[in-house]
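Working notes for the structure below.
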Amino acid sequence: MNKLLKAILLLCATLLPTSGYATTVTDLSVESPKNGDGLTLDISWNISVEGEHADAVLVVRSKDGESWEQTGDIIAISDSAAYEHSDRLDVPGTWSYKVVLLNADSPEDLDLLLAQARTSSVVSGEPVGKWINTNQGHIALMCLILLVGWLMLHYTKRAMSGDEIYIRKMPGIDAIEEGIGRATEMGKPVLYVPGIDDLQDIQTIASMLILGQVSKTVAEYQSDLIVSCCIPIVREVADEVVRAGFFQAGHPDAFDPTSVRFISSEQFAFCAGTNGIIHREKPATNIYFGRFFAESLILAETGYVNRSIQIAGTAEATQLPFFVAACDYTLIGEELFAVSAYLSRDPRLVSSLKASDMIKVACVAAMIIGTILASLDNDILVNLFTISG
């Protein structure tokens, strides 16, 4: 019954005269954008108005040329003569479009609207995906990526061929071996805290890399190591990292599974538990590498009272002052990410470190030159790295 009623209404709508406005749609075109992804089409048209005109237009599309659907919102007609609309498609292929003119009396039902309202001619288009986005900003970004790749390959080749690659001295890193040696002489353990964040955090990952080198050095000195963890999965990874460090040092039997400890997932419960380890075990050296928050000063102050050598490193700017005040050595910001390469001299890590340093130098130079050029009303560098489209 509903289908029959709808068919009657559609028939009546086709027999009724269209509204009296004199608005027409001209120059309708459907094109794939210049740097399209294969699922986008750009629709453009002009509006010609004479006398009483329509209030708005609606763009509709069809895959088969029979069933139509609305795409986008209703577009109000303004004083402008040219209009554009970008349509995001669900599936690729050829799509047909037409523009429907609307006024205050236009029905809300799309089928009735298409039968009653004035529409433009039907124009079809097919989206085309491009392999390379030729936008100026994207090209600059691609060149930057290629430059980073080339630098990494260049420094990897140099490192593997035995060339000495300069990395500036960092006293905080050199003090790690000194602290482990002191712990060995005193017969006390080394405490390592890898922060309190999850494993996917970049600082925790860097801390795990450093832990591998620390555990290897501890095994070579035949000292004791305690690792205090806040996250269960970090504890499991730390267990394997320390085990591998003892194995690389040639002392796999010296590894003690109870030395890697899960304390608590609660921030201050973990802090209290780690402080208890410091009071009971009296470690000679405390190493804090990773992401820390409000517990940083509590841990560092407890270690200071215990008269331990303390080495800390974090990229959290708000916690650095506490480590600087209470620790003997503090690695600031990105120095934390250089420790593993500094200690191991692994060609892959060294090449990544040197490549990132060169890119930083290039970025700083580009900012300085860009600032000077922008001050002289020259936006060449700004436009070069502007990504649009």
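Lettering and numbering for the structure tokens are positional, with chains as A, B, ... in the shown order, residues counted from 1 in each chain, and ligands counted from 1 in the shown order.
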Inset, instruction - Would you list the contacts of Ile263 in chain A as a list in words, taking every protein, DNA or RNA residue within 10 Å and counting only C-alpha atoms, but skipping same-chain residues closer than 4 positions in sequence? - result: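 These residues fall inside the cut-off: Val227, Ser228, Cys229, Cys230, Ile231, Pro232, Arg235, Gln267, Ala269, Phe270, Cys271, Ala272, Gly273 and Thr274 of chain A.
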Inset, instruction - Would you kindly return, as a list in words, each protein, DNA or RNA residue with an atom no farther than 9 Å from any atom of Ser308 in chain A, considering only C-alpha atoms and excluding same-chain residues fewer than 2 positions away? - result: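 Everything that qualifies: Gly179, Lys282, Pro283, Ala284, Thr285, Asn286, Gly303, Tyr304, Val305, Asn306 and Gln310 of chain A.
All residues of protein, DNA or RNA that reach within 9 Å of Met170 in chain A, judged by only C-alpha atoms and not counting those fewer than 2 positions away in the chain, are Ile167, Arg168, Gly172, Ile173, Asp174, Ala175, Leu331, Glu335, Val339 and Tyr342 of chain A.
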Inset, instruction - Give me every strand (DSSP E or B) residue in range 18-187 of chain A, going by DSSP on the backbone, as a ChimeraX atom specification. - result: /A:23-31,37,40-49,56-62,69-70,75-76,82-88,95-102,119,123-125,129
Hey, can you spit out that residue selection with C-alpha atoms as a PDB file, in the first residue's frame?
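Full text of result_38.pdb as output:
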```pdb
ATOM      1  CA  THR A  23      17.552  29.723 -11.546  1.00  0.00           C
ATOM      2  CA  THR A  24      19.545  27.376 -13.772  1.00  0.00           C
ATOM      3  CA  VAL A  25      22.611  25.209 -13.209  1.00  0.00           C
ATOM      4  CA  THR A  26      25.276  25.460 -15.906  1.00  0.00           C
ATOM      5  CA  ASP A  27      28.764  24.098 -16.573  1.00  0.00           C
ATOM      6  CA  LEU A  28      28.385  21.105 -14.255  1.00  0.00           C
ATOM      7  CA  SER A  29      31.611  19.082 -14.251  1.00  0.00           C
ATOM      8  CA  VAL A  30      32.878  16.042 -12.336  1.00  0.00           C
ATOM      9  CA  GLU A  31      36.626  15.500 -12.161  1.00  0.00           C
ATOM     10  CA  ASP A  37      43.477   8.840  -3.679  1.00  0.00           C
ATOM     11  CA  THR A  40      37.374  11.320  -4.230  1.00  0.00           C
ATOM     12  CA  LEU A  41      35.644  13.376  -6.919  1.00  0.00           C
ATOM     13  CA  ASP A  42      35.379  17.161  -7.244  1.00  0.00           C
ATOM     14  CA  ILE A  43      32.078  18.561  -8.504  1.00  0.00           C
ATOM     15  CA  SER A  44      31.822  22.141  -9.729  1.00  0.00           C
ATOM     16  CA  TRP A  45      29.026  24.140 -11.341  1.00  0.00           C
ATOM     17  CA  ASN A  46      27.790  27.648 -11.995  1.00  0.00           C
ATOM     18  CA  ILE A  47      24.479  29.220 -10.986  1.00  0.00           C
ATOM     19  CA  SER A  48      22.650  31.545 -13.333  1.00  0.00           C
ATOM     20  CA  VAL A  49      19.922  33.633 -11.650  1.00  0.00           C
ATOM     21  CA  ALA A  56      19.669  26.355  -2.178  1.00  0.00           C
ATOM     22  CA  VAL A  57      20.991  23.386  -4.116  1.00  0.00           C
ATOM     23  CA  LEU A  58      21.577  19.753  -3.280  1.00  0.00           C
ATOM     24  CA  VAL A  59      24.097  17.450  -4.952  1.00  0.00           C
ATOM     25  CA  VAL A  60      22.938  13.876  -5.530  1.00  0.00           C
ATOM     26  CA  ARG A  61      24.852  10.907  -6.906  1.00  0.00           C
ATOM     27  CA  SER A  62      24.084   7.511  -8.382  1.00  0.00           C
ATOM     28  CA  GLU A  69      21.382   9.485  -2.886  1.00  0.00           C
ATOM     29  CA  GLN A  70      22.287  12.762  -1.261  1.00  0.00           C
ATOM     30  CA  ILE A  75      24.363  24.411  -0.151  1.00  0.00           C
ATOM     31  CA  ALA A  76      22.772  27.838   0.136  1.00  0.00           C
ATOM     32  CA  ALA A  82      30.630  29.399  -9.004  1.00  0.00           C
ATOM     33  CA  TYR A  83      30.243  26.502  -6.561  1.00  0.00           C
ATOM     34  CA  GLU A  84      32.341  23.466  -5.651  1.00  0.00           C
ATOM     35  CA  HIS A  85      31.775  20.245  -3.734  1.00  0.00           C
ATOM     36  CA  SER A  86      34.193  17.426  -2.874  1.00  0.00           C
ATOM     37  CA  ASP A  87      32.636  13.980  -2.568  1.00  0.00           C
ATOM     38  CA  ARG A  88      34.216  11.084  -0.658  1.00  0.00           C
ATOM     39  CA  TRP A  95      29.485   7.786 -10.565  1.00  0.00           C
ATOM     40  CA  SER A  96      26.765  10.065 -11.956  1.00  0.00           C
ATOM     41  CA  TYR A  97      25.931  13.442 -10.428  1.00  0.00           C
ATOM     42  CA  LYS A  98      23.308  16.138 -10.796  1.00  0.00           C
ATOM     43  CA  VAL A  99      22.433  19.288  -8.892  1.00  0.00           C
ATOM     44  CA  VAL A 100      18.898  19.766  -7.558  1.00  0.00           C
ATOM     45  CA  LEU A 101      17.435  23.253  -7.019  1.00  0.00           C
ATOM     46  CA  LEU A 102      15.565  23.805  -3.765  1.00  0.00           C
ATOM     47  CA  THR A 119      17.651  19.615 -11.785  1.00  0.00           C
ATOM     48  CA  VAL A 123      27.384  14.289 -15.570  1.00  0.00           C
ATOM     49  CA  SER A 124      29.533  11.242 -14.793  1.00  0.00           C
ATOM     50  CA  GLY A 125      33.081  10.879 -13.532  1.00  0.00           C
ATOM     51  CA  GLY A 129      44.269   7.368  -7.709  1.00  0.00           C
TER      52      GLY A 129
END
```
Inset, instruction - Considering only C-alpha atoms, return as a list in words whatever protein or nucleic-acid residues lie within 9 Å of Ala238 in chain A, sequence-local ones (same chain, fewer than 3 positions apart) excluded. - result: Pro194, Met208, Leu211, Gly212, Val227, Cys229, Ile233, Val234, Arg235, Val241, Val242, Arg243 and Val260 of chain A
For the residues selected in the previous step, produce a file with N, CA and C atoms as a CSV table (one decimal), in the first residue's frame.
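Below you can see out-v5.csv, which holds the result:
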```csv
chain,number,residue,atom,x,y,z
A,194,PRO,N,63.2,1.5,35.5
A,194,PRO,CA,62.9,1.9,34.1
A,194,PRO,C,61.7,2.8,33.9
A,208,MET,N,64.8,0.1,28.2
A,208,MET,CA,65.1,-1.3,28.0
A,208,MET,C,66.4,-1.6,27.3
A,211,LEU,N,69.1,-0.9,29.7
A,211,LEU,CA,69.1,-2.0,30.7
A,211,LEU,C,69.9,-3.1,30.2
A,212,GLY,N,69.8,-3.4,28.9
A,212,GLY,CA,70.6,-4.5,28.3
A,212,GLY,C,72.1,-4.3,28.5
A,227,VAL,N,66.1,-4.8,39.5
A,227,VAL,CA,65.3,-4.0,38.6
A,227,VAL,C,63.9,-3.8,39.2
A,229,CYS,N,60.1,-2.7,38.8
A,229,CYS,CA,59.2,-2.3,37.7
A,229,CYS,C,57.8,-2.0,38.2
A,233,ILE,N,54.0,-6.0,32.2
A,233,ILE,CA,54.6,-6.3,30.9
A,233,ILE,C,56.0,-5.8,30.8
A,234,VAL,N,56.3,-4.7,31.5
A,234,VAL,CA,57.7,-4.1,31.5
A,234,VAL,C,58.5,-5.1,32.3
A,235,ARG,N,58.0,-5.6,33.4
A,235,ARG,CA,58.8,-6.6,34.2
A,235,ARG,C,59.2,-7.8,33.4
A,241,VAL,N,65.5,-9.1,29.0
A,241,VAL,CA,66.6,-8.2,28.7
A,241,VAL,C,67.8,-8.5,29.6
A,242,VAL,N,67.6,-8.6,30.9
A,242,VAL,CA,68.6,-8.8,31.9
A,242,VAL,C,69.2,-10.2,31.7
A,243,ARG,N,68.4,-11.2,31.4
A,243,ARG,CA,68.9,-12.5,31.1
A,243,ARG,C,69.8,-12.6,29.9
A,260,VAL,N,64.7,-9.2,39.1
A,260,VAL,CA,63.7,-8.3,38.4
A,260,VAL,C,62.4,-8.4,39.1
```
Inset, instruction - Compile the contact shell of Lys157 in chain A as a ChimeraX atom specification: residues with an atom at most 12 Å away, counting only C-alpha atoms, same-chain residues fewer than 3 positions apart removed. - result: /A:150-154,160-165,346-348,350-352
Inset, instruction - Just the alpha helix (DSSP H) stuff from range 164-328 of chain A, please, per backbone DSSP, written as an MDAnalysis selection string. - result: chainID A and resid 171:186 202:220 232:248 267:281 295:305 320:326
Legend entry - Length of the CA of Val128 in chain A to CA of Ser32 in chain A vector [Å]: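 Pair CA of Val128 in chain A / CA of Ser32 in chain A returns 5.9 Å.
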Inset, instruction - May I ask which of the residues A:Leu89, A:Ala244, A:Ile132, A:Ile309 is the closest one to Lys188 in chain A, counting only C-alpha atoms? - result: A:Ile309
Inset, instruction - Grab the CA of Glu301 in chain A to CA of Pro257 in chain A distance for me, in Å with one decimal place. - result: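 Rounded to one decimal, the two atoms are 27.9 Å apart.
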List as a short mmCIF file (atom, residue, chain, number, x, y, z; two decimals) with N, CA and C atoms, in the first residue's frame the protein and nucleic acid residues near Ala254 in chain A, meaning an atom at most 8 Å away when only C-alpha atoms are counted, but skip any in the same chain fewer than 6 places from it.
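File written: result_0.cif
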```cif
data_model
loop_
_atom_site.label_atom_id
_atom_site.label_comp_id
_atom_site.auth_asym_id
_atom_site.auth_seq_id
_atom_site.Cartn_x
_atom_site.Cartn_y
_atom_site.Cartn_z
N ALA A 219 77.10 -8.05 34.90
CA ALA A 219 77.53 -9.45 34.85
C ALA A 219 79.04 -9.56 34.69
N GLN A 222 80.57 -9.06 37.83
CA GLN A 222 80.08 -10.05 38.79
C GLN A 222 79.49 -9.39 40.02
N PHE A 246 73.27 -11.00 30.82
CA PHE A 246 74.16 -11.93 31.52
C PHE A 246 74.70 -12.99 30.56
#
```
